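Peer 1: Provided below: protein-v2.cif, containing mmCIF, C-alpha atoms.
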data_data
#
loop_
_atom_site.label_atom_id
_atom_site.label_comp_id
_atom_site.auth_asym_id
_atom_site.auth_seq_id
_atom_site.Cartn_x
_atom_site.Cartn_y
_atom_site.Cartn_z
CA MET N 1456 176.23 150.31 31.62
CA ILE N 1457 178.39 153.24 32.65
CA GLU N 1458 182.00 152.18 32.58
CA TRP N 1459 183.47 154.40 35.28
CA TYR N 1460 180.56 153.59 37.59
CA THR N 1461 181.13 149.88 37.09
CA TYR N 1462 184.84 150.19 37.82
CA LEU N 1463 184.04 152.15 40.97
CA GLN N 1464 181.50 149.52 41.97
CA LEU N 1465 184.00 146.77 41.25
CA ALA N 1466 186.59 148.44 43.47
CA ILE N 1467 184.07 148.88 46.29
CA ALA N 1468 182.93 145.26 46.05
CA VAL N 1469 186.51 144.02 46.21
CA ALA N 1470 187.30 146.33 49.14
CA ALA N 1471 184.14 145.29 50.99
CA GLY N 1472 184.94 141.63 50.29
CA LEU N 1473 188.48 141.85 51.60
CA LEU N 1474 187.33 143.86 54.62
CA CYS N 1475 184.66 141.31 55.61
CA LEU N 1476 187.02 138.43 54.95
CA ALA N 1477 189.68 139.99 57.18
CA LEU N 1478 187.17 140.84 59.93
CA GLY N 1479 185.73 137.34 59.79
CA LEU N 1480 189.06 135.59 59.90
CA ALA N 1481 190.00 137.84 62.83
CA GLY N 1482 187.01 136.35 64.64
CA ARG N 1483 184.54 139.23 64.41
CA LYS N 1484 180.84 138.58 64.28
CA PRO N 1485 178.83 140.49 61.68
CA THR N 1486 178.75 144.15 62.76
CA ASP N 1487 177.38 147.39 61.34
CA LEU N 1488 180.67 147.73 59.50
CA SER N 1489 180.60 144.41 57.66
CA MET N 1490 176.83 144.49 57.17
CA GLY N 1491 177.01 148.12 56.06
CA ALA N 1492 179.71 147.36 53.51
CA THR N 1493 177.58 144.53 52.11
CA LEU N 1494 174.52 146.79 52.06
CA LEU N 1495 176.49 149.39 50.12
CA VAL N 1496 177.44 146.74 47.55
CA GLU N 1497 173.78 145.76 47.28
CA VAL N 1498 172.57 149.34 46.81
CA LEU N 1499 175.18 149.91 44.10
CA LEU N 1500 173.90 146.77 42.35
CA ILE N 1501 170.34 148.09 42.37
CA VAL N 1502 171.61 151.34 40.86
CA GLN N 1503 173.43 149.24 38.25
CA LEU N 1504 170.13 147.52 37.44
CA VAL N 1505 168.44 150.89 36.91
CA VAL N 1506 171.35 152.05 34.76
CA ALA N 1507 171.20 148.85 32.71
CA ILE N 1508 167.50 149.33 32.07
CA VAL N 1509 167.80 153.01 31.15
CA ALA N 1510 171.11 152.99 29.24
CA PRO N 1511 169.82 151.40 26.00
CA PHE N 1512 167.32 154.26 25.64
CA ALA N 1513 170.26 156.65 25.69
CA GLY N 1514 171.96 154.75 22.88
CA ASN N 1515 174.22 152.78 25.22
CA GLU N 1516 173.56 149.23 24.07
CA ALA N 1517 175.17 146.05 25.34
CA THR N 1518 177.52 144.53 22.79
CA GLY N 1519 177.07 141.02 24.17
CA SER N 1520 174.18 138.84 25.23
CA VAL N 1521 171.60 140.84 27.16
CA LEU N 1522 170.15 137.62 28.55
CA GLU N 1523 173.52 136.63 29.99
CA PHE N 1524 174.05 140.11 31.37
CA TYR N 1525 170.80 140.07 33.28
CA THR N 1526 171.35 136.53 34.54
CA TYR N 1527 174.57 137.76 36.13
CA LEU N 1528 173.01 140.95 37.41
CA ILE N 1529 169.98 139.28 39.02
CA SER N 1530 172.18 136.57 40.57
CA ALA N 1531 174.52 139.27 41.88
CA ILE N 1532 171.60 141.16 43.42
CA LEU N 1533 170.37 138.01 45.18
CA LEU N 1534 173.73 137.13 46.73
CA PRO N 1535 174.20 139.96 49.27
CA LEU N 1536 170.53 139.61 50.25
CA GLY N 1537 171.03 135.92 50.99
CA GLY N 1538 174.29 136.56 52.82
CA GLY N 1539 172.75 139.40 54.81
CA VAL N 1540 169.82 137.29 55.98
CA TRP N 1541 172.23 134.50 56.86
CA ALA N 1542 174.37 136.93 58.87
CA LEU N 1543 171.31 138.14 60.78
CA ILE N 1544 170.23 134.62 61.68
CA GLU N 1545 173.60 133.14 62.39
CA ARG N 1546 175.76 135.59 64.27
CA SER N 1547 179.14 133.93 64.09
CA ARG N 1548 182.51 134.85 62.66
CA TRP N 1549 181.87 132.56 59.72
CA SER N 1550 178.95 134.69 58.67
CA THR N 1551 181.38 137.57 58.32
CA VAL N 1552 183.66 135.37 56.22
CA ILE N 1553 180.62 134.48 54.11
CA LEU N 1554 179.79 138.16 53.59
CA GLY N 1555 183.35 138.63 52.39
CA LEU N 1556 183.14 135.76 49.92
CA ILE N 1557 179.80 137.03 48.65
CA ASN N 1558 181.16 140.50 48.02
CA LEU N 1559 184.10 139.03 46.16
CA SER N 1560 181.75 136.86 44.09
CA VAL N 1561 179.78 139.99 43.23
CA ALA N 1562 183.03 141.60 42.09
CA VAL N 1563 183.76 138.68 39.76
CA MET N 1564 180.24 138.84 38.37
CA LEU N 1565 180.50 142.59 37.83
CA TYR N 1566 183.68 142.03 35.88
CA ARG N 1567 181.93 139.48 33.68
CA MET N 1568 179.01 141.88 33.22
CA LEU N 1569 181.41 144.62 32.15
CA GLN N 1570 182.96 142.24 29.63
CA ILE N 1571 179.58 141.23 28.26
CA TRP N 1572 178.49 144.82 27.89
CA THR N 1573 181.66 146.31 26.42
CA VAL N 1574 184.26 143.88 25.10
CA GLN N 1575 182.32 141.82 22.57
CA GLY N 1576 182.61 144.26 19.71
CA VAL N 1577 186.37 144.74 19.96
CA MET K 167 164.99 143.47 65.62
CA ASN K 168 163.76 141.60 68.65
CA GLU K 169 165.67 138.74 70.14
CA LEU K 170 163.86 135.89 68.47
CA GLN K 171 165.56 132.62 69.13
CA THR K 172 164.88 129.70 66.88
CA ASN K 173 163.58 126.80 68.85
CA PRO K 174 166.32 124.21 68.84
CA GLY K 175 165.36 120.82 67.62
CA ASP K 176 161.89 121.67 66.42
CA ASN K 177 162.32 120.29 62.92
CA ALA K 178 164.77 119.23 60.27
CA THR K 179 166.61 122.51 60.48
CA GLY K 180 166.84 122.39 64.24
CA THR K 181 170.22 122.25 65.81
CA THR K 182 169.90 120.26 68.97
CA ARG K 183 173.39 119.00 68.38
CA PRO K 184 175.94 120.49 66.07
CA GLY K 185 175.56 118.85 62.69
CA ARG K 186 177.62 119.49 59.64
CA VAL K 187 176.23 122.97 59.36
CA THR K 188 178.54 124.71 61.76
CA GLY K 189 181.59 126.88 61.63
CA ILE K 190 183.70 126.66 58.56
CA GLY K 191 181.30 124.11 57.10
CA ARG K 192 178.98 127.03 56.44
CA VAL K 193 181.61 128.60 54.25
CA LEU K 194 181.86 125.39 52.26
CA ILE K 195 178.10 125.33 51.87
CA LEU K 196 178.10 128.93 50.74
CA VAL K 197 180.73 128.26 48.09
CA TYR K 198 178.66 125.31 46.90
CA GLY K 199 175.61 127.53 46.83
CA VAL K 200 177.36 130.18 44.77
CA LEU K 201 178.70 127.57 42.37
CA ALA K 202 175.23 126.07 42.07
CA LEU K 203 173.89 129.53 41.28
CA ALA K 204 176.65 130.16 38.75
CA ALA K 205 176.12 126.81 37.04
CA THR K 206 172.35 127.28 37.01
CA GLY K 207 172.68 130.80 35.62
CA ARG K 208 175.02 129.73 32.90
CA SER K 209 172.98 126.73 31.86
CA PHE K 210 169.84 128.89 31.90
CA VAL K 211 171.50 131.32 29.50
CA GLN K 212 172.79 128.50 27.30
CA ILE K 213 169.51 126.65 27.09
CA VAL K 214 167.30 129.68 26.59
CA GLY K 215 169.71 131.52 24.32
CA LYS K 216 171.47 128.96 22.15
CA TYR K 217 170.46 125.42 22.95
CA ASP K 218 170.52 124.23 19.34
CA GLN K 219 174.20 125.11 18.99
CA ALA K 220 175.42 122.38 21.31
CA PRO K 221 172.65 120.34 22.89
CA LEU K 222 175.07 117.84 24.48
CA ALA K 223 177.29 120.39 26.19
CA TYR K 224 174.33 122.42 27.38
CA THR K 225 172.44 119.43 28.67
CA LEU K 226 175.58 118.53 30.57
CA SER K 227 175.71 122.07 31.97
CA ALA K 228 172.16 121.72 33.20
CA LEU K 229 172.90 118.33 34.73
CA ALA K 230 175.95 119.75 36.48
CA ALA K 231 173.85 122.63 37.80
CA VAL K 232 171.25 120.25 39.22
CA VAL K 233 173.93 118.15 40.87
CA TYR K 234 175.46 121.24 42.48
CA ILE K 235 172.07 122.24 43.81
CA VAL K 236 171.43 118.77 45.24
CA ALA K 237 174.92 118.70 46.76
CA THR K 238 174.31 122.06 48.43
CA ILE K 239 171.02 120.87 49.88
CA ALA K 240 172.59 117.58 51.00
CA LEU K 241 175.36 119.45 52.79
CA ILE K 242 172.85 121.60 54.63
CA ASN K 243 170.60 118.78 55.76
CA ARG K 244 171.49 116.35 58.46
CA GLY K 245 171.07 112.63 58.78
CA ALA K 246 172.57 109.53 57.27
CA LEU K 247 170.53 109.67 54.06
CA TRP K 248 171.56 113.21 53.19
CA TYR K 249 175.09 112.31 54.15
CA ARG K 250 175.04 109.56 51.54
CA ILE K 251 173.49 111.85 48.95
CA ALA K 252 176.22 114.39 49.67
CA TRP K 253 178.87 111.75 49.01
CA ILE K 254 177.22 110.64 45.79
CA THR K 255 176.74 114.13 44.37
CA ILE K 256 180.18 115.33 45.37
CA GLY K 257 181.73 112.14 43.98
CA PHE K 258 179.81 112.74 40.76
CA GLU K 259 181.20 116.26 40.59
CA LEU K 260 184.76 115.10 41.05
CA LEU K 261 184.25 112.45 38.38
CA GLY K 262 182.64 115.02 36.10
CA VAL K 263 185.37 117.59 36.43
CA LEU K 264 188.10 114.97 35.92
CA VAL K 265 186.48 113.23 32.96
CA ILE K 266 185.18 116.31 31.16
CA GLY K 267 188.29 118.27 32.07
CA THR K 268 190.53 115.61 30.57
CA LEU K 269 188.34 115.10 27.51
CA SER K 270 188.22 118.82 26.83
CA LEU K 271 192.01 118.89 26.78
CA VAL K 272 192.61 115.66 24.89
CA ASP K 273 189.89 116.18 22.33
CA PRO K 274 188.73 119.81 22.28
CA GLU K 275 186.52 119.04 19.29
CA LEU K 276 184.25 117.13 21.62
CA PHE K 277 183.45 120.17 23.74
CA PRO K 278 183.69 123.25 21.57
CA HIS K 279 181.33 125.04 23.94
CA ASP K 280 182.22 125.71 27.53
CA THR K 281 180.75 123.74 30.37
CA VAL K 282 181.42 124.27 34.07
CA TRP K 283 183.89 121.44 33.88
CA SER K 284 185.84 122.32 30.73
CA VAL K 285 189.61 122.34 31.34
CA TYR K 286 189.04 121.35 34.97
CA GLY K 287 186.79 124.30 35.66
CA ARG K 288 189.16 126.95 34.37
CA GLY K 289 186.27 129.31 33.71
CA TYR K 290 185.52 129.20 37.43
CA VAL K 291 189.05 129.66 38.79
CA PHE K 292 189.32 125.87 39.18
CA ILE K 293 186.83 125.98 42.02
CA PRO K 294 184.92 123.00 40.52
CA LEU K 295 188.12 120.96 40.81
CA VAL K 296 189.08 121.97 44.34
CA LEU K 297 185.61 122.03 45.86
CA PRO K 298 184.74 118.30 45.65
CA ILE K 299 188.04 117.45 47.28
CA LEU K 300 187.40 119.89 50.12
CA GLY K 301 183.85 118.61 50.31
CA MET K 302 184.95 115.00 50.65
CA TRP K 303 187.48 115.93 53.30
CA TRP K 304 184.73 117.75 55.16
CA LEU K 305 182.30 114.86 54.88
CA ALA K 306 184.90 112.34 56.01
CA LYS K 307 185.54 114.41 59.11
CA HIS K 308 181.85 114.84 59.89
CA ALA K 309 180.28 111.44 59.48
CA PRO K 310 176.89 111.24 61.21
CA GLU K 311 176.82 109.03 64.26
CA GLN K 312 175.75 105.49 63.62
CA ARG K 313 173.21 105.32 66.40
CA VAL K 314 170.11 106.43 64.45
CA LEU K 315 168.46 105.15 61.30
CA GLY K 316 168.33 107.77 58.60
CA GLY K 317 169.07 110.55 61.04
CA ALA K 318 166.09 110.23 63.40
CA ALA K 319 162.41 110.53 62.68
CA ALA K 320 161.98 114.28 62.74
#
Before we go any further, please render this structure as structure tokens.

Peer 2:
Amino acid sequence: MIEWYTYLQLAIAVAAGLLCLALGLAGRKPTDLSMGATLLVEVLLIVQLVVAIVAPFAGNEATGSVLEFYTYLISAILLPLGGGVWALIERSRWSTVILGLINLSVAVMLYRMLQIWTVQGV
Amino acid sequence: MNELQTNPGDNATGTTRPGRVTGIGRVLILVYGVLALAATGRSFVQIVGKYDQAPLAYTLSALAAVVYIVATIALINRGALWYRIAWITIGFELLGVLVIGTLSLVDPELFPHDTVWSVYGRGYVFIPLVLPILGMWWLAKHAPEQRVLGGAAA
């Protein structure tokens, strides 16, 4: 896990979450903007997965439970996919709110993943 | 993407009339879904990784996870039977979070390992405490109509 990348990802997930939440509460249906923001969060998660797989070979080992880390990561990857499909099927403002909540959930999970990877040894 | 419309009323998921799965209810269902996922994930990690450390707490975690999953499904589905299941599972959750939450404060020795419900769901921003109450409010407002047995033979 690369720390600066994770912080960047965390910031983007929070921003995307707040954006979608605001758009949804303002009554917007899912648009390219809200879907795009969610897609960006998803792509960053896939990159995170690749990083997590490769990092240990470069001597960057998780300090906490690897099992727990991957449970969070896989769950986080599934969430935007589920929300995205939902938003495609059900084009209402609430789908945009849901995208927002999903992005915020991803942010929380990323934070936990960062803790699992880095904080344990301290 | 072509404009595929789902055929209304073709099966259990059909929406001939608005059921509980509309509007803000979807948000509630989503939050339940995420909590179900979180509880399942955590109990998976606990049971695979360290079950022998605290079998009681981890079994409870798994039970909670299953109940959250059933509650999510019950909220999605329509009909009187699912409505009742939703009440039972959500009631169980409220009971669980109150009892385990109180026990974990009064006698921390009893639950040295975290469950979803420890300290009223503190590990989950108290969502486990708030959610059943919102869920019950939602259910009370959206009782299925009495005219059909078990929500129609679909």

Peer 1: Using all atoms listed in the file and a distance of at most 8 Å, pull out the residues of chain K that contact chain N, as a short mmCIF file (atom, residue, chain, number, x, y, z; two decimals) with C-alpha atoms, in the coordinates of the input.

Peer 2:
data_model
loop_
_atom_site.label_atom_id
_atom_site.label_comp_id
_atom_site.auth_asym_id
_atom_site.auth_seq_id
_atom_site.Cartn_x
_atom_site.Cartn_y
_atom_site.Cartn_z
CA GLY K 189 181.59 126.88 61.63
CA ILE K 190 183.70 126.66 58.56
CA ARG K 192 178.98 127.03 56.44
CA VAL K 193 181.61 128.60 54.25
CA LEU K 196 178.10 128.93 50.74
CA LEU K 203 173.89 129.53 41.28
CA GLY K 207 172.68 130.80 35.62
CA ARG K 208 175.02 129.73 32.90
CA VAL K 211 171.50 131.32 29.50
CA GLY K 215 169.71 131.52 24.32
#

Peer 1: Just checking: using all atoms listed in the file, which residue out of N:Thr1493, N:Val1540, N:Ile1532, N:Met1456 ends up closest to Leu1474 (chain N)?

Peer 2: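 For Leu1474 (chain N), the nearest of the candidates is N:Thr1493.
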
Peer 1: With all atoms listed in the file as the atoms that count, which of N:Gly1519, N:Leu1478, N:Phe1512, N:Leu1500 lies nearest to Arg1567 (chain N)?

Peer 2: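 Among N:Gly1519, N:Leu1478, N:Phe1512, N:Leu1500, it is N:Gly1519 that comes nearest to Arg1567 (chain N).
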
Peer 1: Between CA of Val1498 (chain N) and CA of Leu1473 (chain N), what distance in Å does the model show, to one decimal?

Peer 2: 18.2 Å

Peer 1: Which residues are close to region 302-310 of chain K, i.e. within 9 Å by all atoms listed in the file, leaving aside same-chain residues fewer than 5 positions away? Reply as JSON, numbers by chain.

Peer 2: {"K": [185, 186, 191, 194, 241, 244, 245, 246, 249, 252, 253, 256, 257, 297, 317]}

Peer 1: Would you list the contacts of region 216-223 of chain K as a count of residues only, taking every protein, DNA or RNA residue within 10 Å and counting all atoms listed in the file, but skipping same-chain residues closer than 6 positions in sequence?

Peer 2: 11

Peer 1: Evaluate the PyMOL selection byres ((chain N and resi 1488) around 12) against this structure - the residues, as a PyMOL selection string, please.

Peer 2: chain N and resi 1471-1472+1474-1475+1478-1479+1483-1487+1489-1495+1551+1554-1555

Peer 1: Can you work out the spacing between CA of Ile1457 (chain N) and CA of Thr1573 (chain N) in Å, to one decimal?

Peer 2: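 Computing the Euclidean distance for CA of Ile1457 (chain N) and CA of Thr1573 (chain N) yields 9.9 Å.
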
Peer 1: Taking the file as shown, find all residues satisfying the PyMOL selection byres ((chain K and resi 262) around 10) and write them as a compact mmCIF listing (two decimals) with C-alpha atoms, in the coordinates of the input.

Peer 2:
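This went into out-v9.txt:
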# COMPACT_ATOMS: atom_id res chain seq x y z
CA LEU K 226 175.58 118.53 30.57
CA ALA K 230 175.95 119.75 36.48
CA ILE K 256 180.18 115.33 45.37
CA GLY K 257 181.73 112.14 43.98
CA PHE K 258 179.81 112.74 40.76
CA GLU K 259 181.20 116.26 40.59
CA LEU K 260 184.76 115.10 41.05
CA LEU K 261 184.25 112.45 38.38
CA VAL K 263 185.37 117.59 36.43
CA LEU K 264 188.10 114.97 35.92
CA VAL K 265 186.48 113.23 32.96
CA ILE K 266 185.18 116.31 31.16
CA GLY K 267 188.29 118.27 32.07
CA THR K 268 190.53 115.61 30.57
CA VAL K 282 181.42 124.27 34.07
CA TRP K 283 183.89 121.44 33.88
CA SER K 284 185.84 122.32 30.73
CA TYR K 286 189.04 121.35 34.97
CA PRO K 294 184.92 123.00 40.52
CA LEU K 295 188.12 120.96 40.81

Peer 1: Between CA of Ala1470 (chain N) and CA of Val1561 (chain N), what distance in Å does the model show, to one decimal?

Peer 2: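 Going from CA of Ala1470 (chain N) over to CA of Val1561 (chain N), I get 11.5 Å.
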
Peer 1: For Pro298 (chain K), which of K:Ile254, K:Leu247, K:Leu269, K:Ala204 is the closest residue, counting only C-alpha atoms?

Peer 2: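 Ranking K:Ile254, K:Leu247, K:Leu269, K:Ala204 by distance to Pro298 (chain K), first place goes to K:Ile254.
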
Peer 1: May I ask which of the residues N:Leu1476, N:Met1568, N:Leu1536, N:Ala1481 is the closest one to Leu1504 (chain N), counting all atoms listed in the file?

Peer 2: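 Between N:Leu1476, N:Met1568, N:Leu1536, N:Ala1481, the residue approaching Leu1504 (chain N) most closely is N:Met1568.
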
Peer 1: Add whatever atoms are absent from region 221-232 of chain K to reach all heavy atoms, and provide the output as a CSV table (one decimal), in the frame of the given file.

Peer 2:
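Written file, part01.csv:
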chain,number,residue,atom,x,y,z
K,221,PRO,N,173.6,121.0,21.9
K,221,PRO,CA,172.6,120.3,22.9
K,221,PRO,C,173.4,119.5,23.9
K,221,PRO,O,173.0,119.5,25.1
K,221,PRO,CB,171.7,119.5,22.0
K,221,PRO,CG,171.9,120.0,20.6
K,221,PRO,CD,173.2,120.6,20.5
K,222,LEU,N,174.4,118.7,23.5
K,222,LEU,CA,175.1,117.8,24.5
K,222,LEU,C,175.7,118.6,25.6
K,222,LEU,O,175.5,118.4,26.8
K,222,LEU,CB,176.1,117.0,23.7
K,222,LEU,CG,176.9,116.1,24.7
K,222,LEU,CD1,176.0,115.0,25.4
K,222,LEU,CD2,178.1,115.4,23.9
K,223,ALA,N,176.6,119.6,25.2
K,223,ALA,CA,177.3,120.4,26.2
K,223,ALA,C,176.3,121.1,27.1
K,223,ALA,O,176.6,121.2,28.3
K,223,ALA,CB,178.2,121.4,25.5
K,224,TYR,N,175.2,121.6,26.6
K,224,TYR,CA,174.3,122.4,27.4
K,224,TYR,C,173.5,121.6,28.3
K,224,TYR,O,173.1,122.0,29.4
K,224,TYR,CB,173.5,123.3,26.5
K,224,TYR,CG,174.4,124.3,25.8
K,224,TYR,CD1,173.9,125.0,24.6
K,224,TYR,CD2,175.6,124.7,26.2
K,224,TYR,CE1,174.7,125.9,23.9
K,224,TYR,CE2,176.4,125.6,25.6
K,224,TYR,CZ,176.0,126.2,24.5
K,224,TYR,OH,176.8,127.1,23.8
K,225,THR,N,173.1,120.4,27.8
K,225,THR,CA,172.4,119.4,28.7
K,225,THR,C,173.3,119.0,29.8
K,225,THR,O,172.9,119.0,31.0
K,225,THR,CB,172.0,118.2,27.9
K,225,THR,OG1,171.3,118.6,26.7
K,225,THR,CG2,171.2,117.3,28.7
K,226,LEU,N,174.6,118.9,29.5
K,226,LEU,CA,175.6,118.5,30.6
K,226,LEU,C,175.7,119.7,31.6
K,226,LEU,O,175.7,119.4,32.8
K,226,LEU,CB,176.9,118.3,29.9
K,226,LEU,CG,178.0,117.5,30.7
K,226,LEU,CD1,177.5,116.1,30.9
K,226,LEU,CD2,179.3,117.5,30.0
K,227,SER,N,175.7,120.9,31.1
K,227,SER,CA,175.7,122.1,32.0
K,227,SER,C,174.5,122.0,32.9
K,227,SER,O,174.7,122.3,34.1
K,227,SER,CB,175.6,123.4,31.2
K,227,SER,OG,176.9,123.8,30.8
K,228,ALA,N,173.4,121.7,32.4
K,228,ALA,CA,172.2,121.7,33.2
K,228,ALA,C,172.3,120.6,34.2
K,228,ALA,O,171.9,120.8,35.4
K,228,ALA,CB,170.9,121.5,32.3
K,229,LEU,N,172.7,119.4,33.8
K,229,LEU,CA,172.9,118.3,34.7
K,229,LEU,C,173.9,118.7,35.9
K,229,LEU,O,173.6,118.5,37.0
K,229,LEU,CB,173.4,117.1,34.0
K,229,LEU,CG,173.7,115.9,34.8
K,229,LEU,CD1,172.4,115.3,35.4
K,229,LEU,CD2,174.4,114.8,34.0
K,230,ALA,N,175.0,119.3,35.5
K,230,ALA,CA,176.0,119.8,36.5
K,230,ALA,C,175.3,120.7,37.5
K,230,ALA,O,175.5,120.6,38.7
K,230,ALA,CB,177.2,120.4,35.8
K,231,ALA,N,174.5,121.6,36.9
K,231,ALA,CA,173.8,122.6,37.8
K,231,ALA,C,172.9,121.9,38.8
K,231,ALA,O,173.0,122.2,40.0
K,231,ALA,CB,173.1,123.6,36.9
K,232,VAL,N,172.2,121.0,38.3
K,232,VAL,CA,171.2,120.2,39.2
K,232,VAL,C,172.0,119.5,40.3
K,232,VAL,O,171.7,119.6,41.5
K,232,VAL,CB,170.4,119.3,38.4
K,232,VAL,CG1,169.6,118.4,39.4
K,232,VAL,CG2,169.4,120.0,37.5
